[in-house]
Amino acid sequence: MDANEILDYCLAKKGVTESFPFDSETLVLKVGTKMFLLMSLEKQPLGINVKTDPEWSSELREQYPQITGAYHMNKTHWNSVMVDGLKRDLILKMIDQSYELVFKSLTRKIQNEINNS
């Protein structure tokens, strides 16, 4: 997968916005007011940071050398993922879980606003 495919996939989800709050190369995707994916647009190979269930994070890190604890983030919940060499389905599953975990952490009011938009 490339950066455009990942971006298009994420933007198709309800309530997703994109911004560059840290610098001009780190794209941040949010649902509501919270980040669920970060992606460096300048670095190669392409890497993303996603939130995953802690148990699944451990399994992923053991099974795939491309997946490690996310730099400057809570390594229990966030993974850095080097996209090259990973199956598309796995990448999409990680993106979906990150979105869902963050969505569930939003207030019910914000969840309703997103669902009804």
# chains A, B, ... in the order shown; residues from 1 in each chain; ligands from 1
>>> residues_around(residues="region 73-81 of chain A", least_positions_apart="5", cutoff="6 Å", atoms="only C-alpha atoms", output="list in words")
Gly47, Ile48, Asn49, Val50, Lys51, Thr52, Pro54, Gln66, Ile67 and Thr68 of chain A
>>> write_last_selection(atoms="N, CA and C atoms", output="PDB file, in the first residue's frame")
ATOM      1  N   GLY A  47       5.876   4.476   6.622  1.00  0.00           N
ATOM      2  CA  GLY A  47       5.527   3.998   7.947  1.00  0.00           C
ATOM      3  C   GLY A  47       4.316   4.728   8.488  1.00  0.00           C
ATOM      4  N   ILE A  48       3.541   4.030   9.303  1.00  0.00           N
ATOM      5  CA  ILE A  48       2.385   4.634   9.959  1.00  0.00           C
ATOM      6  C   ILE A  48       2.420   4.270  11.432  1.00  0.00           C
ATOM      7  N   ASN A  49       1.770   5.068  12.249  1.00  0.00           N
ATOM      8  CA  ASN A  49       1.546   4.743  13.652  1.00  0.00           C
ATOM      9  C   ASN A  49       0.054   4.534  13.842  1.00  0.00           C
ATOM     10  N   VAL A  50      -0.306   3.427  14.466  1.00  0.00           N
ATOM     11  CA  VAL A  50      -1.703   3.104  14.731  1.00  0.00           C
ATOM     12  C   VAL A  50      -1.860   2.589  16.155  1.00  0.00           C
ATOM     13  N   LYS A  51      -3.058   2.765  16.679  1.00  0.00           N
ATOM     14  CA  LYS A  51      -3.388   2.272  18.007  1.00  0.00           C
ATOM     15  C   LYS A  51      -3.948   0.859  17.865  1.00  0.00           C
ATOM     16  N   THR A  52      -3.490  -0.044  18.734  1.00  0.00           N
ATOM     17  CA  THR A  52      -4.020  -1.406  18.707  1.00  0.00           C
ATOM     18  C   THR A  52      -4.221  -1.907  20.129  1.00  0.00           C
ATOM     19  N   PRO A  54      -3.616  -3.871  23.313  1.00  0.00           N
ATOM     20  CA  PRO A  54      -2.308  -4.276  23.834  1.00  0.00           C
ATOM     21  C   PRO A  54      -1.945  -5.745  23.603  1.00  0.00           C
ATOM     22  N   GLN A  66       8.457  -5.685  11.061  1.00  0.00           N
ATOM     23  CA  GLN A  66       8.075  -4.343  10.604  1.00  0.00           C
ATOM     24  C   GLN A  66       7.220  -3.599  11.631  1.00  0.00           C
ATOM     25  N   ILE A  67       6.795  -4.271  12.692  1.00  0.00           N
ATOM     26  CA  ILE A  67       5.899  -3.661  13.678  1.00  0.00           C
ATOM     27  C   ILE A  67       6.620  -3.566  15.020  1.00  0.00           C
ATOM     28  N   THR A  68       6.725  -2.331  15.524  1.00  0.00           N
ATOM     29  CA  THR A  68       7.414  -2.069  16.786  1.00  0.00           C
ATOM     30  C   THR A  68       6.600  -1.068  17.605  1.00  0.00           C
TER      31      THR A  68
END
>>> residues_around(residues="region 85-92 of chain A", least_positions_apart="3", cutoff="10 Å", atoms="only C-alpha atoms", output="list in words")
Met1, Ile6, Tyr9, Cys10, Ile48, Val50, Leu60, Tyr64, Pro65, Gln66, Ile67, Val81, Met82, Ile95, Asp96, Gln97 and Ser98 of chain A
>>> closest_atom_pairs(of="region 23-97 of chain A", to="region 101-106 of chain A", cutoff="7 Å", atoms="only C-alpha atoms", output="JSON lines")
{"residue": "A:Val31", "atom": "CA", "partner": "A:Phe103", "partner_atom": "CA", "distance": 6.4}
{"residue": "A:Lys34", "atom": "CA", "partner": "A:Val102", "partner_atom": "CA", "distance": 6.8}
{"residue": "A:Phe36", "atom": "CA", "partner": "A:Val102", "partner_atom": "CA", "distance": 6.1}
{"residue": "A:Gln97", "atom": "CA", "partner": "A:Leu101", "partner_atom": "CA", "distance": 6.0}
>>> closest_atom_pairs(of="region 32-92 of chain A", to="region 14-28 of chain A", cutoff="9 Å", atoms="only C-alpha atoms", output="CSV")
residue,atom,partner,partner_atom,distance
A:Gly32,CA,A:Gly15,CA,6.0
A:Thr33,CA,A:Thr17,CA,8.8
A:Met35,CA,A:Val28,CA,6.6
A:Phe36,CA,A:Val28,CA,7.9
A:Leu37,CA,A:Val28,CA,6.0
A:Leu38,CA,A:Val28,CA,4.6
A:Met39,CA,A:Leu27,CA,5.2
A:Ser40,CA,A:Thr26,CA,4.4
A:Leu41,CA,A:Glu25,CA,5.3
A:Glu42,CA,A:Glu25,CA,6.0
A:Lys43,CA,A:Glu25,CA,8.6
>>> atom_distance(atom1="CA of Ser58 (chain A)", atom2="CA of Asp8 (chain A)")
27.9 Å
>>> select_by_dssp(residues="chain A", states="alpha helix (DSSP H)", output="ChimeraX atom specification")
/A:3-11,54-63,88-105,108-115
>>> atom_distance(atom1="CA of Asp2 (chain A)", atom2="CA of Leu46 (chain A)")
7.2 Å
>>> select_by_dssp(residues="chain A", states="strand (DSSP E or B)", output="ChimeraX atom specification")
/A:16-19,26-31,34-40,47-51,67-69,78-82
>>> atom_distance(atom1="CA of Leu29 (chain A)", atom2="CA of Trp56 (chain A)")
21.6 Å
>>> decode(residues="region 74-105 of chain A", atoms="N, CA and C atoms", output="PDB file, in the first residue's frame")
ATOM      1  N   ASN A  74       2.747   6.030  23.607  1.00  0.00           N
ATOM      2  CA  ASN A  74       2.572   4.946  24.567  1.00  0.00           C
ATOM      3  C   ASN A  74       2.731   3.617  23.831  1.00  0.00           C
ATOM      4  N   LYS A  75       3.839   2.945  24.081  1.00  0.00           N
ATOM      5  CA  LYS A  75       4.174   1.726  23.343  1.00  0.00           C
ATOM      6  C   LYS A  75       3.268   0.545  23.691  1.00  0.00           C
ATOM      7  N   THR A  76       2.507   0.648  24.758  1.00  0.00           N
ATOM      8  CA  THR A  76       1.549  -0.398  25.085  1.00  0.00           C
ATOM      9  C   THR A  76       0.390  -0.378  24.099  1.00  0.00           C
ATOM     10  N   HIS A  77       0.017   0.813  23.648  1.00  0.00           N
ATOM     11  CA  HIS A  77      -1.177   0.977  22.814  1.00  0.00           C
ATOM     12  C   HIS A  77      -0.892   1.374  21.368  1.00  0.00           C
ATOM     13  N   TRP A  78       0.293   1.878  21.089  1.00  0.00           N
ATOM     14  CA  TRP A  78       0.595   2.391  19.755  1.00  0.00           C
ATOM     15  C   TRP A  78       1.743   1.628  19.112  1.00  0.00           C
ATOM     16  N   ASN A  79       1.578   1.323  17.819  1.00  0.00           N
ATOM     17  CA  ASN A  79       2.605   0.631  17.047  1.00  0.00           C
ATOM     18  C   ASN A  79       3.077   1.479  15.887  1.00  0.00           C
ATOM     19  N   SER A  80       4.369   1.388  15.606  1.00  0.00           N
ATOM     20  CA  SER A  80       4.927   1.899  14.354  1.00  0.00           C
ATOM     21  C   SER A  80       4.937   0.726  13.384  1.00  0.00           C
ATOM     22  N   VAL A  81       4.427   0.960  12.202  1.00  0.00           N
ATOM     23  CA  VAL A  81       4.280  -0.097  11.207  1.00  0.00           C
ATOM     24  C   VAL A  81       4.978   0.320   9.924  1.00  0.00           C
ATOM     25  N   MET A  82       6.005  -0.422   9.527  1.00  0.00           N
ATOM     26  CA  MET A  82       6.631  -0.215   8.234  1.00  0.00           C
ATOM     27  C   MET A  82       5.797  -1.031   7.240  1.00  0.00           C
ATOM     28  N   VAL A  83       5.171  -0.352   6.328  1.00  0.00           N
ATOM     29  CA  VAL A  83       4.150  -0.951   5.460  1.00  0.00           C
ATOM     30  C   VAL A  83       4.732  -1.996   4.506  1.00  0.00           C
ATOM     31  N   ASP A  84       5.945  -1.769   4.003  1.00  0.00           N
ATOM     32  CA  ASP A  84       6.540  -2.693   3.030  1.00  0.00           C
ATOM     33  C   ASP A  84       6.620  -4.111   3.579  1.00  0.00           C
ATOM     34  N   GLY A  85       6.169  -5.065   2.784  1.00  0.00           N
ATOM     35  CA  GLY A  85       6.259  -6.464   3.160  1.00  0.00           C
ATOM     36  C   GLY A  85       5.071  -6.990   3.946  1.00  0.00           C
ATOM     37  N   LEU A  86       4.141  -6.117   4.313  1.00  0.00           N
ATOM     38  CA  LEU A  86       2.949  -6.556   5.041  1.00  0.00           C
ATOM     39  C   LEU A  86       1.768  -6.666   4.082  1.00  0.00           C
ATOM     40  N   LYS A  87       0.896  -7.620   4.338  1.00  0.00           N
ATOM     41  CA  LYS A  87      -0.280  -7.794   3.489  1.00  0.00           C
ATOM     42  C   LYS A  87      -1.250  -6.635   3.690  1.00  0.00           C
ATOM     43  N   ARG A  88      -1.871  -6.261   2.591  1.00  0.00           N
ATOM     44  CA  ARG A  88      -2.857  -5.172   2.600  1.00  0.00           C
ATOM     45  C   ARG A  88      -3.942  -5.405   3.659  1.00  0.00           C
ATOM     46  N   ASP A  89      -4.451  -6.628   3.739  1.00  0.00           N
ATOM     47  CA  ASP A  89      -5.524  -6.942   4.693  1.00  0.00           C
ATOM     48  C   ASP A  89      -5.101  -6.677   6.132  1.00  0.00           C
ATOM     49  N   LEU A  90      -3.850  -7.004   6.466  1.00  0.00           N
ATOM     50  CA  LEU A  90      -3.355  -6.760   7.818  1.00  0.00           C
ATOM     51  C   LEU A  90      -3.262  -5.259   8.096  1.00  0.00           C
ATOM     52  N   ILE A  91      -2.766  -4.508   7.151  1.00  0.00           N
ATOM     53  CA  ILE A  91      -2.657  -3.051   7.316  1.00  0.00           C
ATOM     54  C   ILE A  91      -4.048  -2.446   7.519  1.00  0.00           C
ATOM     55  N   LEU A  92      -5.003  -2.852   6.701  1.00  0.00           N
ATOM     56  CA  LEU A  92      -6.362  -2.328   6.824  1.00  0.00           C
ATOM     57  C   LEU A  92      -6.990  -2.729   8.149  1.00  0.00           C
ATOM     58  N   LYS A  93      -6.722  -3.944   8.611  1.00  0.00           N
ATOM     59  CA  LYS A  93      -7.255  -4.405   9.891  1.00  0.00           C
ATOM     60  C   LYS A  93      -6.695  -3.555  11.033  1.00  0.00           C
ATOM     61  N   MET A  94      -5.416  -3.222  10.977  1.00  0.00           N
ATOM     62  CA  MET A  94      -4.819  -2.379  12.012  1.00  0.00           C
ATOM     63  C   MET A  94      -5.410  -0.969  11.974  1.00  0.00           C
ATOM     64  N   ILE A  95      -5.613  -0.428  10.775  1.00  0.00           N
ATOM     65  CA  ILE A  95      -6.227   0.901  10.640  1.00  0.00           C
ATOM     66  C   ILE A  95      -7.647   0.875  11.198  1.00  0.00           C
ATOM     67  N   ASP A  96      -8.405  -0.160  10.838  1.00  0.00           N
ATOM     68  CA  ASP A  96      -9.785  -0.279  11.328  1.00  0.00           C
ATOM     69  C   ASP A  96      -9.822  -0.344  12.853  1.00  0.00           C
ATOM     70  N   GLN A  97      -8.936  -1.149  13.436  1.00  0.00           N
ATOM     71  CA  GLN A  97      -8.946  -1.267  14.890  1.00  0.00           C
ATOM     72  C   GLN A  97      -8.552   0.064  15.540  1.00  0.00           C
ATOM     73  N   SER A  98      -7.590   0.747  14.988  1.00  0.00           N
ATOM     74  CA  SER A  98      -7.170   2.030  15.543  1.00  0.00           C
ATOM     75  C   SER A  98      -8.343   3.018  15.527  1.00  0.00           C
ATOM     76  N   TYR A  99      -9.020   3.093  14.398  1.00  0.00           N
ATOM     77  CA  TYR A  99     -10.183   3.975  14.278  1.00  0.00           C
ATOM     78  C   TYR A  99     -11.243   3.609  15.321  1.00  0.00           C
ATOM     79  N   GLU A 100     -11.568   2.326  15.427  1.00  0.00           N
ATOM     80  CA  GLU A 100     -12.614   1.880  16.361  1.00  0.00           C
ATOM     81  C   GLU A 100     -12.244   2.154  17.813  1.00  0.00           C
ATOM     82  N   LEU A 101     -10.993   1.867  18.192  1.00  0.00           N
ATOM     83  CA  LEU A 101     -10.565   2.114  19.573  1.00  0.00           C
ATOM     84  C   LEU A 101     -10.673   3.588  19.923  1.00  0.00           C
ATOM     85  N   VAL A 102     -10.256   4.441  19.010  1.00  0.00           N
ATOM     86  CA  VAL A 102     -10.311   5.879  19.269  1.00  0.00           C
ATOM     87  C   VAL A 102     -11.757   6.368  19.243  1.00  0.00           C
ATOM     88  N   PHE A 103     -12.547   5.899  18.289  1.00  0.00           N
ATOM     89  CA  PHE A 103     -13.951   6.289  18.214  1.00  0.00           C
ATOM     90  C   PHE A 103     -14.672   5.954  19.517  1.00  0.00           C
ATOM     91  N   LYS A 104     -14.439   4.751  20.042  1.00  0.00           N
ATOM     92  CA  LYS A 104     -15.091   4.322  21.285  1.00  0.00           C
ATOM     93  C   LYS A 104     -14.680   5.168  22.478  1.00  0.00           C
ATOM     94  N   SER A 105     -13.513   5.821  22.396  1.00  0.00           N
ATOM     95  CA  SER A 105     -13.045   6.643  23.516  1.00  0.00           C
ATOM     96  C   SER A 105     -13.633   8.060  23.491  1.00  0.00           C
TER      97      SER A 105
END
